[in-house]
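Colleague: Supplied in structure tokens, the structure appears directly below.
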Amino acid sequence: MAAHAFANPVFDAQRVFRAAMNALSRPGTLQTLDCDIAPPASLPAELAALALTLADHETPLWLDATLAGSREVTDYLRFHTGTPITANPREAHFALVSDPALCPSLHSFARGTPDYPDRSTTMFVHTSRISVGDGLILSGPGIRGTATMSIDPLPPAFAREWIANRALFPCGVDVLFTANGMVTGLPRTTMMEAR
Amino acid sequence: MYVAVKGGEAAIDNAHALLDHERRGDPSVPELSVAQIREQMTLLVDRVMTEGSLYDPDLAALALKQARGDLIEAVFLVRAFRTTLPRFGTSEPIDTDTMRAIRRVSAIYKDLPGGQVLGPTFDYTHRLIDFALAAEGEPERPAESQAASEVMPHVASLLDGERLIEREPAADPNIPVGDLTREPLDFPAGRDLRLQALARGDEGFVLALGYSTQRGFGRTHPFTGEIRIGDVEIEFVPEELGFAVPLGEMTLTECEMVTQFTGSAAQPPQFTRGYGLAFGRGERKAMAMALVDRALRAREFGEEVAAPAQDEEFVLSHCDNLQATGFVEHLKLPHYVDFQAELELVRRMRAEHEAGGQTDALEAAE
Amino acid sequence: MNEHAQATGYNFAYLDEQTKRMIRRAILKGIAIPGYQVPFASREMPMPYGWGTGGVQVTAAILGPDDVLKVIDQGSDDTTNAVSIRKFFARTAGVATTTKTVEATVIQTRHRVPETALRSDQVLVYQVPIPEPLRYLEPRETETRKLHALGEYGLMHVKLYEDIARHGHVATTYAYPVEVAGRYVMDPSPVPKFDNPKIDDCEALQLFGAGREKRIYAVPPHTKVRSLDFEDHPFRVQTFKDPCALCAAEGVYLDEVVLDDRGGRMFVCSDTDYCEERREAGHRGHLAGDDPLSPVGRGRVAEGDRVREEHKSDSASPSPRPSPHRGEGEEALP
């Protein structure tokens with residue numbers, strides 16, 4: 001089947017945005033990404049949905065090696081969002097990571113400045129499995145007490161880098177993890193420890 | 001038994017109907033047409049276009065009719081319409097050297113290439129009410145002459161020959177021109193954004209600020225280098241063509257103020273510039289804008305920022321009449337929840353004051 | 001192009017998709033940095049600045065066709081500006097509207113937090129006039145930005161302490177500054193300080209929009225929101241001596257209604273939906289009549305055929321629970 005974007009851009013984008021908003025405001029929960037799209041094979045539909053919803057010509061986008069190496073993927077994203085694709089993670093508003101193993105160090109992305117901590121990269125990372133319970137203990141804004149969640153696999157050295165990212169607050173990156181039509185959020189405020 | 005106030009919805013509908021009724025006025029008087037406003041209230045239409053940031057005389061005239069002649073309300077209508085328009089791109093910079101001017105005056109040279117052209121101006125009219133205008137009648141035909149076909153070089157370029165005036169930096173096509181309607185303004189703002197804010201800014205506010213610089217609050221020793229009013233062509237380069245195509249013409253008023261600069265350790269003394277531009281015929285606005293533009297360049301020239309007109313946060317945050325009128329007029333909205341909180345505080349503090357005796361009373365009164 | 005756009009000539013919820021994306025990005029940043037004011041390219045809306053353009057833009061950016069919208073001003077659904085904004089969305093988005101807090105999924109508010117505790121499936125959108133809590137102490141954006149960057153809030157503490165030195169207590173009664181998640185000092189918008197405890201550890205996401213000042217900020221659910229105070233002068237909320245004259249509610253914020261020019265006055269719930277729900281459930285204040293819906297009447301809003309049919313609630317149903325107060329103390333009002 002030919003690659004296609006949102007069938008109904010207005011309402012699909014609204015639903016995907018609400019899922020992302022809920023994910024980021026309630027870490028430790030899973031939100032459904034409900035939309036019908038067919039991106040090129042190497043681009044997971046969850047990542048494509050988030051990019052179509054949030055990226056446009058004002059937001060440079062960074063792609064991991066697999067995605068950046070696919071002409072189909074870059075054409076699809078450029079055509080449907082108008083987003084400039086950047087090779088420099090420091091100037092990326094958004095980053096798409098299709099495989100945690102390909103995720104570079106969090107430090108390579110924009111973390112904002114003390115004056116403008118919002119000038120930071122939001123990362124969308126696709127992984128194999130996300131589920132509530134086991135693994136990670138999360139706490140911070142959006143969580144009543146603590147929440148437990150499993151993200152499998154995490155990018156290499158993520159747990160350690162996340163502690164450093166948390167320490168940069170109010171600067172830092174925010175991450176949305178996706179898998180199996182679901183999304184979960186890890187805003188820079190979330191404290192994470194392995195069980 | 002108590003009956004609370006209800007029926008906001010019905011009140012709003014009725015108020016709108018009454019507003020329409022009042023706008024029309026006495027139905028025995030013929031209704032104004034949009035064309036009449038556009039052709040006979042031209043300066044008002046021009047001002048709505050300038051402060052509304054949209055060059056469309058018909059729309060501005062219609063907005064004035066709908067707004068019953070209230071200028072800010074008309075600007076509001078135009079601006080709210082403007083935000084919904086798709087952006088196709090940015091035009092090529094206009095070239096005012098090629099303006100077909102109906103008015104062009106310089107106060108710093110007696111005569112200059114291209115000549116002084118007085119044009120239609122109120123300047124030397126005696127401000128006596130012309131009671132003959134109360135009756136209808138056609139004015140006399142003005143005298144005609146051949147349009148000056150020669151290019152009118154800007155006065156500043158004459159001074160530039162001797163390096164007596166600062167050079168304008170050459171336009172860099174790689175640096176996008178800012179747009180404060182599409183990006184949040186942050187400080188310090190570039191001159192592009194300052195000029196945009198001033199061009200959209202309220203004429204009265206910008207006029208008062210310009211005036212304040214003349215009275216010593218941020219003095220710049222200005223001379224009117226030149227004012228020119230006339231038509232210029234707008235060109236646009238569509239991506240698919242790759243060359244400029246004309247989109248049409250617009251009438252503009254441009255003012256360049258020549259102001260003094262004593263020089264610094266790094267720069268020899270020279271004249272500096274302030275720039276003003278308005279849609280249509282907006283001479284007062286363009287002049288005031290040029291004064292304030294120059295005052296806002298204080299930091300660039302190492303001048304002390306002491307006066308309101310030099311303070312970009314003050315000027316840019318307050319020059320927009322829609323923002324100003326919205327926030328001033330929002331005081332009409334109910335505030336009884338907060339007032340209740342204040343009421344109780346004042347009652348309590350008065351009670352404490354009365355209970356507190358003389359010494360406390362004195363302290364509280366300070 | 002969606003059906004709605006074809007019908008009205010405007011996009012769903014008025015804003016174009018590019019503008020919505022820009023606002024949505026700002027909302028996500030606001031959630032990630034609680035209490036930090038995210039600059040956004042606020043658009044010129046078809047209603048005046050200062051009349052809720054920030055809240056309207058936030059609402060327009062999050063609203064979907066299945067949402068149920070409630071709009072309040074001063075706690076009431078029937079104040080003219082609330083009616084006007086509700087009509088705007090009924091017309092441009094065709095969404096269902098309601099006056100009942102429990103039915104709404106999105107609540108846009110000016111100056112109040114509803115008395116009924118909010119749920120996790122609800123979003124509260126505040127209209128904000130001056131988002132900068134330090135603005136009246138330091139008018140310059142360039143300065144206040146530095147102070148926030150440094151987390152330097154001494155100026156605010158000095159101001160509050162001067163109040164105490166002069167009056168014996170803090171003299172700020174609304175827009176009372178709060179510290180969010182231990183970092184940013186935030187203006188909760190001009191809600192009476194009575195409402196501050198409801199902002200703390202709230203189940204619902206709270207979004208704040210300031211259109212004229214071009215700022216969006218957020219308080220995620222379950223986030224610590226502390227009203228600034230001092231150990232020896234803990235934060236206190238207002239309490240009222242008498243219950244609501246119509247529904248007999250206690251522990252809620254009351255409006256003072258002047259009954260005559262001889263000093264006669266009564267106190268009634270500022271949250272009109274809360275008051276009506278209680279009267280429907282049979283609660284009676286000393287000035288209420290016998291008819292549960294009279295004298296104030298149901299706040300049924302007629303917005304044409306798109307209005308959601310309001311459920312007639314079972315008169316035996318319990319009245320909504322007021323959200324708990326987490327204030328350290330109370331100060332009595334007459």
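Ordered as shown in the structure tokens, chains take letters A, B, and onward, while each chain numbers its residues from 1 and ligands are numbered from 1 in the order shown.
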Could you give me, as CSV, a per-residue list for chain A showing, wherever an atom lies at most 12 Å from an atom of chain B, the closest pair of atoms and their distance in Å to one decimal, using only C-alpha atoms and sorting by chain then residue number from low to high?
Modeller:
```
residue,atom,partner,partner_atom,distance
A:Glu58,CA,B:Glu183,CA,10.0
A:Asp115,CA,B:Asp186,CA,11.2
A:Tyr116,CA,B:Asp186,CA,10.6
```
Colleague: Based on the selection just made, write N, CA, C and O atoms of those residues as a tab-separated table (two decimals), in the first residue's frame.
Modeller:
```tsv
chain	number	residue	atom	x	y	z
A	58	GLU	N	8.67	25.29	11.15
A	58	GLU	CA	9.33	26.06	12.20
A	58	GLU	C	10.17	25.18	13.13
A	58	GLU	O	10.80	25.70	14.05
A	115	ASP	N	17.54	31.00	30.82
A	115	ASP	CA	16.53	32.02	30.46
A	115	ASP	C	15.37	31.40	29.69
A	115	ASP	O	14.22	31.82	29.85
A	116	TYR	N	15.69	30.47	28.80
A	116	TYR	CA	14.68	29.86	27.94
A	116	TYR	C	14.81	28.34	27.98
A	116	TYR	O	15.24	27.72	26.99
```
Colleague: Contacts of Met192 in chain A at 7 Å or less, counting only C-alpha atoms, minus same-chain residues fewer than 6 places along, as a ChimeraX atom specification?
Modeller: /A:136-139
Colleague: For a quick test of understanding: name the residues of chain C lying within 8 Å of chain A when counting only C-alpha atoms, and present them as a VMD selection string.
Modeller: chain C and resid 1 to 2 12 17 to 18 21 to 22 24 to 25 27 to 34 38 61 to 65 145 to 146 148 to 150 181 205 220 to 224
Colleague: May I have the residues from that selection written out with N, CA, C and O atoms, as a compact mmCIF listing (two decimals), in the first residue's frame?
Modeller:
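Full text of again_22.txt as output:
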```txt
# COMPACT_ATOMS: atom_id res chain seq x y z
N MET C 1 -9.68 19.19 4.64
CA MET C 1 -10.89 19.98 4.94
C MET C 1 -11.90 19.09 5.64
O MET C 1 -12.20 18.01 5.20
N ASN C 2 -12.37 19.52 6.79
CA ASN C 2 -13.34 18.69 7.50
C ASN C 2 -14.73 19.26 7.30
O ASN C 2 -14.91 20.36 6.81
N PHE C 12 -11.96 23.94 12.23
CA PHE C 12 -12.51 23.46 13.50
C PHE C 12 -11.87 24.24 14.65
O PHE C 12 -10.65 24.37 14.72
N GLU C 17 -4.47 25.04 11.51
CA GLU C 17 -3.71 23.91 12.07
C GLU C 17 -2.28 24.30 12.42
O GLU C 17 -1.71 23.80 13.38
N GLN C 18 -1.71 25.23 11.66
CA GLN C 18 -0.33 25.62 11.97
C GLN C 18 -0.28 26.33 13.31
O GLN C 18 0.61 26.11 14.12
N ARG C 21 -0.65 23.79 16.07
CA ARG C 21 0.60 23.07 16.33
C ARG C 21 1.54 23.89 17.19
O ARG C 21 2.14 23.39 18.14
N MET C 22 1.64 25.19 16.87
CA MET C 22 2.53 26.07 17.62
C MET C 22 2.08 26.14 19.08
O MET C 22 2.90 26.07 20.01
N ARG C 24 0.21 23.90 20.66
CA ARG C 24 0.37 22.57 21.27
C ARG C 24 1.80 22.34 21.70
O ARG C 24 2.06 21.77 22.76
N ARG C 25 2.74 22.79 20.89
CA ARG C 25 4.15 22.63 21.28
C ARG C 25 4.42 23.41 22.56
O ARG C 25 5.12 22.94 23.46
N ILE C 27 2.28 24.13 24.89
CA ILE C 27 1.61 23.44 26.00
C ILE C 27 2.49 22.28 26.50
O ILE C 27 2.67 22.10 27.71
N LEU C 28 3.06 21.53 25.57
CA LEU C 28 3.91 20.40 25.99
C LEU C 28 5.12 20.90 26.76
O LEU C 28 5.52 20.30 27.77
N LYS C 29 5.70 22.01 26.32
CA LYS C 29 6.85 22.56 27.05
C LYS C 29 6.40 23.04 28.44
O LYS C 29 7.10 22.85 29.43
N GLY C 30 5.23 23.65 28.48
CA GLY C 30 4.72 24.13 29.77
C GLY C 30 4.54 22.98 30.75
O GLY C 30 4.87 23.09 31.94
N ILE C 31 4.04 21.87 30.27
CA ILE C 31 3.82 20.69 31.13
C ILE C 31 5.16 20.14 31.63
O ILE C 31 5.31 19.75 32.78
N ALA C 32 6.16 20.16 30.74
CA ALA C 32 7.46 19.61 31.10
C ALA C 32 8.22 20.51 32.07
O ALA C 32 9.10 20.05 32.79
N ILE C 33 7.88 21.81 32.07
CA ILE C 33 8.57 22.77 32.95
C ILE C 33 7.50 23.47 33.78
O ILE C 33 7.12 24.62 33.49
N PRO C 34 6.97 22.81 34.80
CA PRO C 34 5.79 23.35 35.50
C PRO C 34 6.04 24.75 36.06
O PRO C 34 7.06 24.99 36.70
N VAL C 38 6.00 29.80 29.03
CA VAL C 38 6.52 29.54 27.69
C VAL C 38 6.03 30.64 26.74
O VAL C 38 4.83 30.84 26.60
N ALA C 61 -6.77 24.85 20.94
CA ALA C 61 -5.69 23.93 20.54
C ALA C 61 -5.88 22.54 21.11
O ALA C 61 -5.38 21.57 20.55
N ILE C 62 -6.58 22.41 22.23
CA ILE C 62 -6.72 21.07 22.81
C ILE C 62 -8.06 20.42 22.48
O ILE C 62 -8.20 19.22 22.53
N LEU C 63 -9.04 21.24 22.12
CA LEU C 63 -10.42 20.76 21.98
C LEU C 63 -10.59 19.76 20.83
O LEU C 63 -10.07 19.96 19.75
N GLY C 64 -11.35 18.70 21.10
CA GLY C 64 -11.71 17.75 20.05
C GLY C 64 -13.22 17.65 19.95
O GLY C 64 -13.94 18.15 20.82
N PRO C 65 -13.70 16.97 18.92
CA PRO C 65 -15.15 16.93 18.69
C PRO C 65 -15.92 16.23 19.81
O PRO C 65 -17.11 16.47 19.97
N ARG C 145 12.96 37.82 33.60
CA ARG C 145 13.44 36.57 33.00
C ARG C 145 14.71 36.10 33.70
O ARG C 145 14.89 34.91 33.99
N LYS C 146 15.59 37.07 34.01
CA LYS C 146 16.83 36.72 34.73
C LYS C 146 16.49 36.17 36.12
O LYS C 146 17.08 35.20 36.57
N HIS C 148 13.83 34.67 37.17
CA HIS C 148 13.32 33.30 37.08
C HIS C 148 14.45 32.31 36.76
O HIS C 148 14.49 31.21 37.29
N ALA C 149 15.36 32.74 35.87
CA ALA C 149 16.47 31.85 35.49
C ALA C 149 17.30 31.50 36.72
O ALA C 149 17.75 30.37 36.88
N LEU C 150 17.48 32.50 37.58
CA LEU C 150 18.30 32.28 38.77
C LEU C 150 17.50 31.70 39.93
O LEU C 150 18.06 31.36 40.97
N ALA C 181 6.20 23.00 42.05
CA ALA C 181 7.16 21.88 42.03
C ALA C 181 8.53 22.30 42.57
O ALA C 181 9.57 21.88 42.06
N LEU C 205 -5.21 18.23 34.82
CA LEU C 205 -4.18 19.08 34.24
C LEU C 205 -4.68 20.52 34.21
O LEU C 205 -5.84 20.77 33.86
N PRO C 220 1.02 20.39 35.93
CA PRO C 220 0.57 19.02 35.68
C PRO C 220 -0.24 18.51 36.88
O PRO C 220 -0.20 19.11 37.95
N PRO C 221 -0.95 17.42 36.69
CA PRO C 221 -1.69 16.83 37.81
C PRO C 221 -0.72 16.47 38.93
O PRO C 221 0.46 16.23 38.68
N HIS C 222 -1.21 16.38 40.12
CA HIS C 222 -0.41 15.92 41.26
C HIS C 222 0.93 16.63 41.35
O HIS C 222 1.98 15.99 41.47
N THR C 223 0.88 17.93 41.25
CA THR C 223 2.10 18.71 41.36
C THR C 223 2.00 19.58 42.60
O THR C 223 0.94 20.14 42.89
N LYS C 224 3.10 19.68 43.33
CA LYS C 224 3.12 20.47 44.56
C LYS C 224 3.05 21.96 44.21
O LYS C 224 3.93 22.46 43.50
```
Colleague: Could you check how far CA of Glu46 in chain A sits from CA of Val125 in chain C, in Å to one decimal?
Modeller: 27.8 Å
Colleague: Can you check which residues of chain C have any atom within 6 Å of chain B? Use only C-alpha atoms and format it as a list in words.
Modeller: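 Putting it all together, I get Pro39, Phe40, Ala41, Glu44, Met45, Pro46, Pro48, Tyr49, Gly50, Trp51, Gln74, Asp78, Thr79, Thr80, Thr173, Pro192, Leu287, Pro295 and Val296 of chain C.
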Colleague: Using N, CA and C atoms, can you write the selected residues to a file as a PDB file, in the first residue's frame?
Modeller:
```pdb
ATOM      1  N   PRO C  39       6.965  31.350  26.079  1.00  0.00           N
ATOM      2  CA  PRO C  39       6.521  32.359  25.108  1.00  0.00           C
ATOM      3  C   PRO C  39       5.855  31.669  23.919  1.00  0.00           C
ATOM      4  N   PHE C  40       4.773  32.225  23.425  1.00  0.00           N
ATOM      5  CA  PHE C  40       4.165  31.669  22.215  1.00  0.00           C
ATOM      6  C   PHE C  40       3.653  32.800  21.354  1.00  0.00           C
ATOM      7  N   ALA C  41       3.520  32.512  20.058  1.00  0.00           N
ATOM      8  CA  ALA C  41       3.147  33.551  19.098  1.00  0.00           C
ATOM      9  C   ALA C  41       1.632  33.718  19.100  1.00  0.00           C
ATOM     10  N   GLU C  44      -3.994  37.155  16.895  1.00  0.00           N
ATOM     11  CA  GLU C  44      -5.070  38.105  17.128  1.00  0.00           C
ATOM     12  C   GLU C  44      -6.381  37.372  16.972  1.00  0.00           C
ATOM     13  N   MET C  45      -7.158  37.374  18.019  1.00  0.00           N
ATOM     14  CA  MET C  45      -8.385  36.602  18.032  1.00  0.00           C
ATOM     15  C   MET C  45      -9.564  37.535  17.772  1.00  0.00           C
ATOM     16  N   PRO C  46     -10.714  36.974  17.411  1.00  0.00           N
ATOM     17  CA  PRO C  46     -11.853  37.849  17.158  1.00  0.00           C
ATOM     18  C   PRO C  46     -12.529  38.330  18.439  1.00  0.00           C
ATOM     19  N   PRO C  48     -11.491  40.751  22.194  1.00  0.00           N
ATOM     20  CA  PRO C  48     -10.415  41.670  22.584  1.00  0.00           C
ATOM     21  C   PRO C  48      -9.368  41.016  23.484  1.00  0.00           C
ATOM     22  N   TYR C  49      -8.159  41.542  23.381  1.00  0.00           N
ATOM     23  CA  TYR C  49      -7.107  41.199  24.329  1.00  0.00           C
ATOM     24  C   TYR C  49      -7.585  41.545  25.727  1.00  0.00           C
ATOM     25  N   GLY C  50      -7.300  40.682  26.676  1.00  0.00           N
ATOM     26  CA  GLY C  50      -7.715  40.956  28.048  1.00  0.00           C
ATOM     27  C   GLY C  50      -9.062  40.328  28.352  1.00  0.00           C
ATOM     28  N   TRP C  51      -9.693  39.733  27.306  1.00  0.00           N
ATOM     29  CA  TRP C  51     -11.018  39.141  27.492  1.00  0.00           C
ATOM     30  C   TRP C  51     -10.955  37.630  27.338  1.00  0.00           C
ATOM     31  N   GLN C  74     -15.932  34.354  36.972  1.00  0.00           N
ATOM     32  CA  GLN C  74     -16.311  34.637  38.361  1.00  0.00           C
ATOM     33  C   GLN C  74     -17.062  33.440  38.979  1.00  0.00           C
ATOM     34  N   ASP C  78     -23.105  32.040  33.509  1.00  0.00           N
ATOM     35  CA  ASP C  78     -24.062  32.917  32.853  1.00  0.00           C
ATOM     36  C   ASP C  78     -23.588  34.359  32.766  1.00  0.00           C
ATOM     37  N   THR C  79     -22.358  34.642  33.193  1.00  0.00           N
ATOM     38  CA  THR C  79     -21.831  35.993  33.010  1.00  0.00           C
ATOM     39  C   THR C  79     -21.598  36.207  31.517  1.00  0.00           C
ATOM     40  N   THR C  80     -21.720  37.449  31.076  1.00  0.00           N
ATOM     41  CA  THR C  80     -21.763  37.716  29.635  1.00  0.00           C
ATOM     42  C   THR C  80     -20.534  37.200  28.882  1.00  0.00           C
ATOM     43  N   THR C 173      -4.915  39.289  48.255  1.00  0.00           N
ATOM     44  CA  THR C 173      -6.103  38.452  48.439  1.00  0.00           C
ATOM     45  C   THR C 173      -6.432  37.624  47.209  1.00  0.00           C
ATOM     46  N   PRO C 192      -9.233  34.123  43.686  1.00  0.00           N
ATOM     47  CA  PRO C 192      -9.040  34.483  45.090  1.00  0.00           C
ATOM     48  C   PRO C 192      -8.107  33.460  45.726  1.00  0.00           C
ATOM     49  N   LEU C 287     -32.426  32.056  52.508  1.00  0.00           N
ATOM     50  CA  LEU C 287     -33.157  32.929  51.582  1.00  0.00           C
ATOM     51  C   LEU C 287     -33.668  32.188  50.345  1.00  0.00           C
ATOM     52  N   PRO C 295     -35.058  30.484  43.166  1.00  0.00           N
ATOM     53  CA  PRO C 295     -35.288  31.603  42.284  1.00  0.00           C
ATOM     54  C   PRO C 295     -34.225  31.777  41.215  1.00  0.00           C
ATOM     55  N   VAL C 296     -33.131  31.088  41.336  1.00  0.00           N
ATOM     56  CA  VAL C 296     -32.059  31.365  40.397  1.00  0.00           C
ATOM     57  C   VAL C 296     -32.280  30.643  39.073  1.00  0.00           C
TER      58      VAL C 296
END
```
